[in-house]
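Student: As input, take my_file38.txt (compact mmCIF, C-alpha atoms):
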# COMPACT_ATOMS: atom_id res chain seq x y z
CA MET A 13 -52.97 5.16 -3.33
CA GLU A 14 -49.93 7.15 -4.43
CA PHE A 15 -46.66 5.33 -4.03
CA LEU A 16 -45.27 7.80 -1.50
CA GLU A 17 -48.43 7.43 0.60
CA LEU A 18 -47.96 3.67 0.59
CA VAL A 19 -44.35 4.10 1.70
CA LYS A 20 -45.43 6.46 4.49
CA LYS A 21 -48.19 4.12 5.61
CA ARG A 22 -46.13 0.95 5.84
CA LYS A 23 -44.50 0.29 9.17
CA SER A 24 -43.35 -2.73 11.18
CA THR A 25 -46.43 -4.46 12.55
CA ARG A 26 -45.81 -6.66 15.57
CA LYS A 27 -49.33 -6.95 16.94
CA TYR A 28 -51.66 -8.97 14.79
CA ALA A 29 -55.41 -9.54 14.77
CA LYS A 30 -56.71 -13.12 14.63
CA GLU A 31 -58.39 -12.63 11.24
CA PRO A 32 -56.67 -14.92 8.77
CA VAL A 33 -54.91 -13.57 5.69
CA PRO A 34 -56.64 -15.07 2.62
CA ASP A 35 -54.55 -17.21 0.29
CA GLU A 36 -55.32 -14.89 -2.63
CA ALA A 37 -53.77 -11.99 -0.74
CA ILE A 38 -50.65 -14.04 -0.03
CA GLU A 39 -50.47 -14.98 -3.70
CA LYS A 40 -50.64 -11.32 -4.70
CA CYS A 41 -47.77 -10.49 -2.32
CA LEU A 42 -45.72 -13.32 -3.78
CA GLU A 43 -46.50 -12.15 -7.30
CA ALA A 44 -45.18 -8.67 -6.48
CA ALA A 45 -42.02 -10.27 -5.08
CA ARG A 46 -41.66 -12.60 -8.06
CA LEU A 47 -41.68 -9.66 -10.48
CA ALA A 48 -38.91 -7.82 -8.63
CA PRO A 49 -35.81 -6.88 -10.58
CA SER A 50 -32.51 -8.48 -9.59
CA ALA A 51 -28.87 -8.23 -10.66
CA CYS A 52 -28.52 -9.93 -14.07
CA ASN A 53 -32.11 -11.13 -13.57
CA SER A 54 -30.73 -13.73 -11.20
CA GLN A 55 -33.88 -14.02 -9.05
CA PRO A 56 -31.94 -15.78 -6.29
CA TRP A 57 -34.97 -16.40 -4.09
CA LYS A 58 -37.57 -18.84 -2.95
CA PHE A 59 -40.41 -17.96 -0.60
CA ILE A 60 -41.64 -20.63 1.80
CA VAL A 61 -45.09 -19.82 3.13
CA VAL A 62 -45.68 -21.14 6.64
CA LYS A 63 -49.35 -20.96 7.54
CA GLN A 64 -50.35 -24.06 9.41
CA GLN A 65 -50.69 -23.28 13.10
CA GLN A 66 -48.83 -26.26 14.55
CA LEU A 67 -45.91 -25.71 12.23
CA ARG A 68 -45.83 -22.01 13.04
CA GLU A 69 -45.79 -22.87 16.73
CA ARG A 70 -42.90 -25.26 16.16
CA VAL A 71 -41.00 -22.60 14.24
CA VAL A 72 -41.53 -20.11 17.06
CA ARG A 73 -40.55 -22.69 19.68
CA GLU A 74 -37.35 -23.76 17.97
CA CYS A 75 -36.23 -20.68 16.03
CA PHE A 76 -37.40 -17.78 18.17
CA ASN A 77 -36.29 -19.00 21.58
CA GLY A 78 -33.35 -18.14 23.86
CA VAL A 79 -31.46 -15.13 22.51
CA TYR A 80 -33.96 -14.94 19.67
CA ALA A 81 -37.02 -14.67 21.96
CA ILE A 82 -37.07 -10.90 21.39
CA ASN A 83 -38.95 -11.67 18.16
CA SER A 84 -41.39 -14.16 19.64
CA PHE A 85 -44.20 -11.75 18.68
CA VAL A 86 -44.25 -13.72 15.43
CA LYS A 87 -46.33 -16.40 17.12
CA LYS A 88 -49.34 -14.16 16.66
CA ALA A 89 -48.62 -13.53 12.98
CA ASN A 90 -51.00 -15.29 10.66
CA VAL A 91 -48.40 -16.18 8.10
CA LEU A 92 -44.63 -16.42 8.05
CA ILE A 93 -42.80 -16.10 4.78
CA VAL A 94 -39.35 -17.60 4.98
CA VAL A 95 -37.12 -15.99 2.38
CA VAL A 96 -34.56 -18.41 1.04
CA ARG A 97 -31.60 -16.89 -0.80
CA GLN A 98 -30.15 -19.18 -3.41
CA LYS A 99 -26.81 -18.86 -5.15
CA SER A 100 -26.95 -16.01 -7.69
CA ASN A 101 -26.48 -16.88 -11.34
CA TYR A 102 -23.02 -16.95 -12.88
CA THR A 103 -22.99 -13.36 -14.21
CA SER A 104 -24.22 -11.84 -10.95
CA SER A 105 -21.85 -13.98 -8.85
CA LEU A 106 -18.83 -13.18 -10.99
CA GLY A 107 -19.65 -9.46 -11.16
CA GLY A 108 -20.24 -9.45 -7.42
CA LYS A 109 -16.93 -11.15 -6.75
CA LEU A 110 -15.03 -8.65 -8.91
CA ARG A 111 -16.91 -5.71 -7.39
CA GLU A 112 -16.85 -7.09 -3.84
CA VAL A 113 -20.62 -6.68 -3.53
CA ASP A 114 -23.02 -9.52 -2.77
CA PHE A 115 -25.73 -8.49 -5.22
CA GLY A 116 -27.92 -11.38 -4.04
CA LEU A 117 -28.53 -9.56 -0.76
CA ILE A 118 -29.62 -6.41 -2.59
CA ASP A 119 -31.97 -8.61 -4.65
CA ILE A 120 -33.52 -10.03 -1.48
CA GLY A 121 -34.07 -6.47 -0.23
CA ILE A 122 -35.92 -5.54 -3.42
CA ALA A 123 -38.12 -8.64 -3.53
CA CYS A 124 -39.10 -8.40 0.14
CA ASP A 125 -39.79 -4.69 -0.27
CA HIS A 126 -42.22 -5.50 -3.06
CA LEU A 127 -43.86 -8.17 -0.94
CA THR A 128 -44.36 -5.98 2.11
CA LEU A 129 -45.59 -2.95 0.14
CA GLN A 130 -48.09 -5.14 -1.70
CA ALA A 131 -49.28 -6.44 1.68
CA GLU A 132 -49.62 -2.88 3.02
CA GLU A 133 -51.74 -1.85 0.04
CA MET A 134 -54.20 -4.59 1.04
CA GLY A 135 -54.15 -3.47 4.68
CA ILE A 136 -51.96 -6.37 5.77
CA GLY A 137 -49.22 -5.56 8.27
CA SER A 138 -45.73 -6.98 8.02
CA CYS A 139 -42.44 -7.14 9.83
CA TRP A 140 -38.95 -7.88 8.51
CA ILE A 141 -37.12 -10.20 10.87
CA GLY A 142 -33.42 -10.90 10.58
CA TRP A 143 -32.82 -12.25 14.08
CA PHE A 144 -33.77 -15.94 14.46
CA ASN A 145 -32.13 -19.34 14.66
CA GLU A 146 -31.43 -19.95 10.99
CA LYS A 147 -29.92 -23.38 11.49
CA ALA A 148 -33.03 -24.66 13.29
CA LEU A 149 -35.29 -23.09 10.68
CA LYS A 150 -33.41 -24.70 7.81
CA LYS A 151 -33.72 -28.05 9.53
CA ILE A 152 -37.48 -27.73 10.09
CA LEU A 153 -38.15 -26.61 6.51
CA ASP A 154 -35.55 -28.89 4.94
CA VAL A 155 -33.73 -26.00 3.27
CA SER A 156 -30.48 -26.92 1.52
CA LYS A 157 -27.25 -26.17 3.37
CA LYS A 158 -26.11 -24.27 0.27
CA ASP A 159 -28.94 -21.77 0.66
CA LYS A 160 -29.24 -18.96 3.17
CA ILE A 161 -32.21 -17.58 5.09
CA ASP A 162 -31.47 -13.91 5.76
CA ILE A 163 -34.99 -12.73 6.39
CA VAL A 164 -38.33 -14.01 7.65
CA LEU A 165 -41.35 -11.83 6.96
CA SER A 166 -44.33 -12.01 9.29
CA LEU A 167 -47.72 -11.05 7.89
CA GLY A 168 -51.12 -10.44 9.43
CA TYR A 169 -53.87 -7.88 9.75
CA PRO A 170 -52.78 -5.33 12.33
CA GLU A 171 -54.51 -5.32 15.71
CA GLU A 172 -54.93 -1.58 15.29
CA ASP A 173 -54.39 0.62 12.30
CA TYR A 174 -52.57 3.90 12.65
CA ILE A 175 -49.94 5.97 10.91
CA LYS A 176 -46.67 5.91 12.80
CA PRO A 177 -44.41 8.89 12.14
CA LYS A 178 -41.09 7.69 10.82
CA LYS A 179 -37.85 8.40 12.61
CA ARG A 180 -35.47 9.08 9.76
CA LYS A 181 -32.48 11.22 8.96
CA THR A 182 -33.59 14.44 7.28
CA LEU A 183 -33.49 14.85 3.53
CA GLU A 184 -30.52 17.17 4.00
CA GLU A 185 -28.64 14.44 5.83
CA THR A 186 -29.60 11.90 3.21
CA ARG A 187 -28.60 13.51 -0.05
CA GLU A 188 -26.03 15.76 -1.62
CA TYR A 189 -26.50 17.61 -4.89
CA ILE A 190 -23.62 17.97 -7.30
CA LYS A 191 -25.12 19.97 -10.13
CA MET B 277 -51.92 3.26 -10.01
CA GLU B 278 -52.14 -0.02 -8.10
CA PHE B 279 -48.85 -1.16 -6.62
CA LEU B 280 -48.71 -4.33 -8.70
CA GLU B 281 -49.26 -2.28 -11.87
CA LEU B 282 -46.36 -0.04 -10.92
CA VAL B 283 -44.18 -3.10 -10.36
CA LYS B 284 -45.18 -4.50 -13.74
CA LYS B 285 -44.59 -1.20 -15.48
CA ARG B 286 -41.12 -0.52 -14.14
CA LYS B 287 -38.27 -1.91 -16.20
CA SER B 288 -34.62 -1.03 -16.82
CA THR B 289 -34.49 2.04 -19.03
CA ARG B 290 -31.26 2.48 -20.96
CA LYS B 291 -32.40 4.88 -23.67
CA TYR B 292 -33.23 8.34 -22.43
CA ALA B 293 -34.90 11.36 -23.96
CA LYS B 294 -33.17 14.74 -23.69
CA GLU B 295 -35.94 16.25 -21.55
CA PRO B 296 -34.47 17.10 -18.17
CA VAL B 297 -35.82 15.58 -14.96
CA PRO B 298 -37.06 18.43 -12.75
CA ASP B 299 -35.45 18.88 -9.36
CA GLU B 300 -38.82 18.43 -7.63
CA ALA B 301 -39.14 14.99 -9.17
CA ILE B 302 -35.66 14.04 -7.99
CA GLU B 303 -36.53 15.28 -4.51
CA LYS B 304 -39.65 13.11 -4.46
CA CYS B 305 -37.58 10.06 -5.43
CA LEU B 306 -35.09 10.85 -2.68
CA GLU B 307 -37.91 11.30 -0.18
CA ALA B 308 -39.26 7.83 -1.02
CA ALA B 309 -35.76 6.41 -0.52
CA ARG B 310 -35.25 8.34 2.70
CA LEU B 311 -38.39 6.84 4.23
CA ALA B 312 -37.34 3.26 3.46
CA PRO B 313 -37.14 0.84 6.36
CA SER B 314 -33.74 -0.59 7.27
CA ALA B 315 -32.37 -3.11 9.77
CA CYS B 316 -32.48 -1.53 13.24
CA ASN B 317 -33.40 1.72 11.47
CA SER B 318 -29.75 2.06 10.53
CA GLN B 319 -30.35 4.04 7.29
CA PRO B 320 -26.81 3.33 6.10
CA TRP B 321 -27.11 5.42 2.96
CA LYS B 322 -26.32 8.69 1.30
CA PHE B 323 -27.45 9.63 -2.18
CA ILE B 324 -25.20 11.82 -4.28
CA VAL B 325 -27.10 13.44 -7.14
CA VAL B 326 -24.93 14.04 -10.21
CA LYS B 327 -26.72 16.32 -12.65
CA GLN B 328 -24.26 18.76 -14.10
CA GLN B 329 -23.37 17.72 -17.65
CA GLN B 330 -19.60 18.16 -17.48
CA LEU B 331 -19.39 16.19 -14.26
CA ARG B 332 -21.59 13.46 -15.70
CA GLU B 333 -19.34 13.27 -18.71
CA ARG B 334 -16.30 12.98 -16.48
CA VAL B 335 -17.96 10.21 -14.47
CA VAL B 336 -18.76 8.33 -17.69
CA ARG B 337 -15.25 8.87 -19.03
CA GLU B 338 -13.48 7.70 -15.90
CA CYS B 339 -15.87 5.19 -14.32
CA PHE B 340 -17.62 3.61 -17.30
CA ASN B 341 -14.63 2.98 -19.53
CA GLY B 342 -12.59 -0.12 -20.40
CA VAL B 343 -14.27 -3.24 -19.00
CA TYR B 344 -17.04 -1.04 -17.66
CA ALA B 345 -17.91 0.46 -21.07
CA ILE B 346 -20.86 -1.96 -21.34
CA ASN B 347 -22.77 0.54 -19.19
CA SER B 348 -21.72 3.66 -21.07
CA PHE B 349 -25.41 4.20 -21.95
CA VAL B 350 -25.46 6.22 -18.73
CA LYS B 351 -23.99 9.17 -20.60
CA LYS B 352 -27.47 9.86 -21.98
CA ALA B 353 -29.13 9.66 -18.57
CA ASN B 354 -30.24 12.97 -17.24
CA VAL B 355 -29.30 12.28 -13.67
CA LEU B 356 -27.06 9.80 -11.92
CA ILE B 357 -27.71 8.94 -8.31
CA VAL B 358 -24.66 7.51 -6.66
CA VAL B 359 -25.71 5.36 -3.72
CA VAL B 360 -23.16 5.48 -0.92
CA ARG B 361 -23.41 2.73 1.67
CA GLN B 362 -22.16 3.79 5.06
CA LYS B 363 -21.31 1.57 7.99
CA SER B 364 -24.50 0.23 9.57
CA ASN B 365 -25.25 1.21 13.15
CA TYR B 366 -23.97 -0.89 16.03
CA THR B 367 -27.06 -3.08 16.50
CA SER B 368 -27.38 -3.89 12.81
CA SER B 369 -23.63 -4.52 12.43
CA LEU B 370 -23.46 -6.78 15.48
CA GLY B 371 -26.61 -8.69 14.53
CA GLY B 372 -25.29 -9.02 10.99
CA LYS B 373 -21.97 -10.33 12.21
CA LEU B 374 -23.62 -12.93 14.43
CA ARG B 375 -26.09 -13.94 11.70
CA GLU B 376 -23.49 -13.73 8.90
CA VAL B 377 -25.73 -11.42 6.88
CA ASP B 378 -24.73 -7.95 5.71
CA PHE B 379 -28.02 -6.24 6.45
CA GLY B 380 -26.69 -2.96 5.02
CA LEU B 381 -26.86 -4.43 1.53
CA ILE B 382 -30.49 -5.45 2.02
CA ASP B 383 -31.16 -1.89 3.22
CA ILE B 384 -29.62 -0.46 0.04
CA GLY B 385 -31.87 -2.74 -2.00
CA ILE B 386 -34.97 -1.44 -0.22
CA ALA B 387 -34.06 2.25 -0.48
CA CYS B 388 -33.15 2.04 -4.17
CA ASP B 389 -36.32 0.07 -4.85
CA HIS B 390 -38.34 2.91 -3.33
CA LEU B 391 -36.43 5.45 -5.36
CA THR B 392 -36.91 3.70 -8.70
CA LEU B 393 -40.58 2.89 -8.12
CA GLN B 394 -41.24 6.52 -7.19
CA ALA B 395 -39.50 7.55 -10.41
CA GLU B 396 -41.58 5.11 -12.44
CA GLU B 397 -44.82 6.49 -10.99
CA MET B 398 -43.81 9.88 -12.41
CA GLY B 399 -42.96 8.38 -15.80
CA ILE B 400 -39.21 8.57 -15.18
CA GLY B 401 -37.16 5.59 -16.30
CA SER B 402 -34.32 4.16 -14.28
CA CYS B 403 -31.60 1.59 -14.36
CA TRP B 404 -29.73 -0.10 -11.51
CA ILE B 405 -26.03 -0.29 -12.31
CA GLY B 406 -23.59 -2.37 -10.28
CA TRP B 407 -20.76 -2.54 -12.78
CA PHE B 408 -18.54 0.54 -12.81
CA ASN B 409 -15.15 1.67 -11.58
CA GLU B 410 -15.95 2.32 -7.94
CA LYS B 411 -12.47 3.50 -7.03
CA ALA B 412 -12.49 6.19 -9.71
CA LEU B 413 -16.02 7.24 -8.74
CA LYS B 414 -15.11 7.60 -5.08
CA LYS B 415 -12.16 9.75 -6.06
CA ILE B 416 -14.23 12.06 -8.28
CA LEU B 417 -16.96 12.49 -5.66
CA ASP B 418 -14.61 12.53 -2.68
CA VAL B 419 -16.37 9.62 -0.98
CA SER B 420 -14.70 8.30 2.17
CA LYS B 421 -12.64 5.13 1.81
CA LYS B 422 -14.70 3.66 4.66
CA ASP B 423 -17.85 3.87 2.56
CA LYS B 424 -18.89 1.67 -0.32
CA ILE B 425 -20.67 2.45 -3.60
CA ASP B 426 -22.53 -0.71 -4.60
CA ILE B 427 -25.04 0.85 -6.94
CA VAL B 428 -25.44 3.81 -9.26
CA LEU B 429 -28.97 4.60 -10.43
CA SER B 430 -29.46 6.34 -13.75
CA LEU B 431 -32.64 8.36 -14.22
CA GLY B 432 -34.27 10.02 -17.18
CA TYR B 433 -37.44 10.16 -19.19
CA PRO B 434 -37.50 7.14 -21.50
CA GLU B 435 -36.97 7.65 -25.21
CA GLU B 436 -40.01 5.49 -25.80
CA ASP B 437 -42.60 4.21 -23.40
CA TYR B 438 -43.74 0.63 -23.55
CA ILE B 439 -44.50 -2.28 -21.28
CA LYS B 440 -41.82 -4.91 -21.47
CA PRO B 441 -42.97 -8.41 -20.50
CA LYS B 442 -40.87 -9.66 -17.60
CA LYS B 443 -38.77 -12.79 -17.87
CA ARG B 444 -39.19 -14.35 -14.50
CA LYS B 445 -39.37 -17.75 -12.88
CA THR B 446 -43.02 -18.84 -12.55
CA LEU B 447 -44.91 -18.43 -9.30
CA GLU B 448 -44.68 -22.21 -8.85
CA GLU B 449 -40.90 -22.05 -9.07
CA THR B 450 -40.80 -19.09 -6.71
CA ARG B 451 -42.83 -20.23 -3.74
CA GLU B 452 -43.68 -23.25 -1.68
CA TYR B 453 -46.70 -23.53 0.61
CA ILE B 454 -46.43 -25.32 3.89
CA LYS B 455 -49.90 -25.05 5.32
Output the file's structure in the form of structure tokens.
Tutor:
Amino acid sequence: MEFLELVKKRKSTRKYAKEPVPDEAIEKCLEAARLAPSACNSQPWKFIVVKQQQLRERVVRECFNGVYAINSFVKKANVLIVVVRQKSNYTSSLGGKLREVDFGLIDIGIACDHLTLQAEEMGIGSCWIGWFNEKALKKILDVSKKDKIDIVLSLGYPEEDYIKPKKRKTLEETREYIK
Amino acid sequence: MEFLELVKKRKSTRKYAKEPVPDEAIEKCLEAARLAPSACNSQPWKFIVVKQQQLRERVVRECFNGVYAINSFVKKANVLIVVVRQKSNYTSSLGGKLREVDFGLIDIGIACDHLTLQAEEMGIGSCWIGWFNEKALKKILDVSKKDKIDIVLSLGYPEEDYIKPKKRKTLEETREYIK
């Protein structure tokens, strides 16, 4: 599939089929994320794969409740990938401080983009979730207080497959040529 | 090309051939970036394409000098894409404030990842640059003070084509399974 086709095909999937995602497919997604570029090759990430049903249910119960219940669709996802952002390496941190840019967040965007596009290529749907109870999630997964969980990715085969037209600004609104 | 092959093939290109990058190729890269997902579909980006040689030279002279001269390789790049980050929309900003995550930076990571992978598929090399004189660049391109330029992407056909093995943490260091 051409890259642009893959980009057009991928969308947020919130309704998942019961069919389990094979471990080899998860590994391939993680491999695509692992190879992502990052500022000063910092690779400030760790991916925690949550598959086991009881644990997933606990995560949903404790991290997607109350004000976070809007994302409780994740309970039907086959796999949750909890994206842990670690401290960037010295060069990236120092550069980021001087430039007032947290390059680690850009890195997380790149790695998760790789992961979700790799999933899409294999017909696996995904959703980026940024709205959950991070404190509860860190406690359940024993994630260090020094680390941050910005994003959880849900994965699973979609209940139905279709191309959803994208609502985006036009190309004219998006770019400016200075020749 | 399979997605994982594309990921493996793409690397930072800092040595560019003189051959110009056609406008249609740039447009395709911008289209891939435009279609990127973003938190709450905020699309907090604008891409300024700097092609004209004199302007490029001025940008190099004023924004990649002094402590920023380490990235003066950009003067040989055929095209510079200046990535302007705008304020995220209300939902993304509010969610980000409550979650203490600047989702706009993650969005920039995704969009630029799309752009550079699309370039790679067409044999066009790219480099992410985060170290430049942002203030000078905003002045030259008349970018609003409210906006931020985190990243400049350089594009151009590579002087030589080769696969560079990636230095990355192993898969074991990158992920943890909780089944």
Student: Which is closer to chain B than all the others in A:Asp154, A:Glu31, A:Asp125, A:Glu17, using all atoms listed in the file?
Tutor: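 Among the listed residues, A:Asp125 lies closest to chain B.
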Student: Check the smallest atom-to-atom distance from each of A:Lys157, A:Lys20, A:Lys179, A:Arg68 to A:Val91 using all atoms listed in the file, then report the winner.
Tutor: A:Arg68
Student: Return the neighbours of chain B among the residues of chain A, cut-off 7 Å, counting all atoms listed in the file, as an MDAnalysis selection string.
Tutor: chainID A and resid 15:16 19 43:44 46:47 57:64 113 117:122 125 130 162 180 183 186:191
Student: Please define a box with edges along x, y and z of the file around all atoms of stretch 284-289 of chain B given in the file, extend it by 8 Å on each side, and return its centre and edge lengths in Å to one decimal, as AutoDock Vina command-line options.
Tutor:
--center_x -39.8 --center_y -1.2 --center_z -16.4 --size_x 26.7 --size_y 22.5 --size_z 21.3
Student: Interatomic distance between atom CA of B:Gly432 and atom CA of B:Val419?
Tutor: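 Taking atom CA of B:Gly432 and atom CA of B:Val419, their separation equals 24.1 Å.
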Student: As an exercise, work out the distance from atom CA of B:Pro434 to atom CA of B:Tyr292 in Å and give it to one decimal place.
Tutor: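 Computing it gives 4.5 Å between the two atoms.
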Student: Out of B:Lys411, B:Lys291, B:Glu333, B:Phe340, which residue has the shortest atom-to-atom distance to B:Asp423 when counting only C-alpha atoms?
Tutor: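 So, comparing all the options, the nearest one is B:Lys411.
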Student: Calculate how many Å separate atom CA of B:Ala412 from atom CA of B:Arg290, rounding to one decimal.
Tutor: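 Calculated distance between atom CA of B:Ala412 and atom CA of B:Arg290 is 22.2 Å.
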Student: Within 6 Å of (-43.9, -10.6, 10.6) in the file's own coordinates, which protein, DNA or RNA residues have an atom, counting all atoms listed in the file? List them as an mmCIF file with C-alpha atoms, keeping the file's coordinate frame.
Tutor:
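Generated output (out-v7.cif):
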data_model
loop_
_atom_site.group_PDB
_atom_site.id
_atom_site.type_symbol
_atom_site.label_atom_id
_atom_site.label_comp_id
_atom_site.auth_asym_id
_atom_site.auth_seq_id
_atom_site.Cartn_x
_atom_site.Cartn_y
_atom_site.Cartn_z
ATOM 1 C CA VAL A 86 -44.250 -13.720 15.430
ATOM 2 C CA SER A 138 -45.730 -6.980 8.020
ATOM 3 C CA CYS A 139 -42.440 -7.140 9.830
ATOM 4 C CA LEU A 165 -41.350 -11.830 6.960
ATOM 5 C CA SER A 166 -44.330 -12.010 9.290
ATOM 6 C CA LEU A 167 -47.720 -11.050 7.890
#
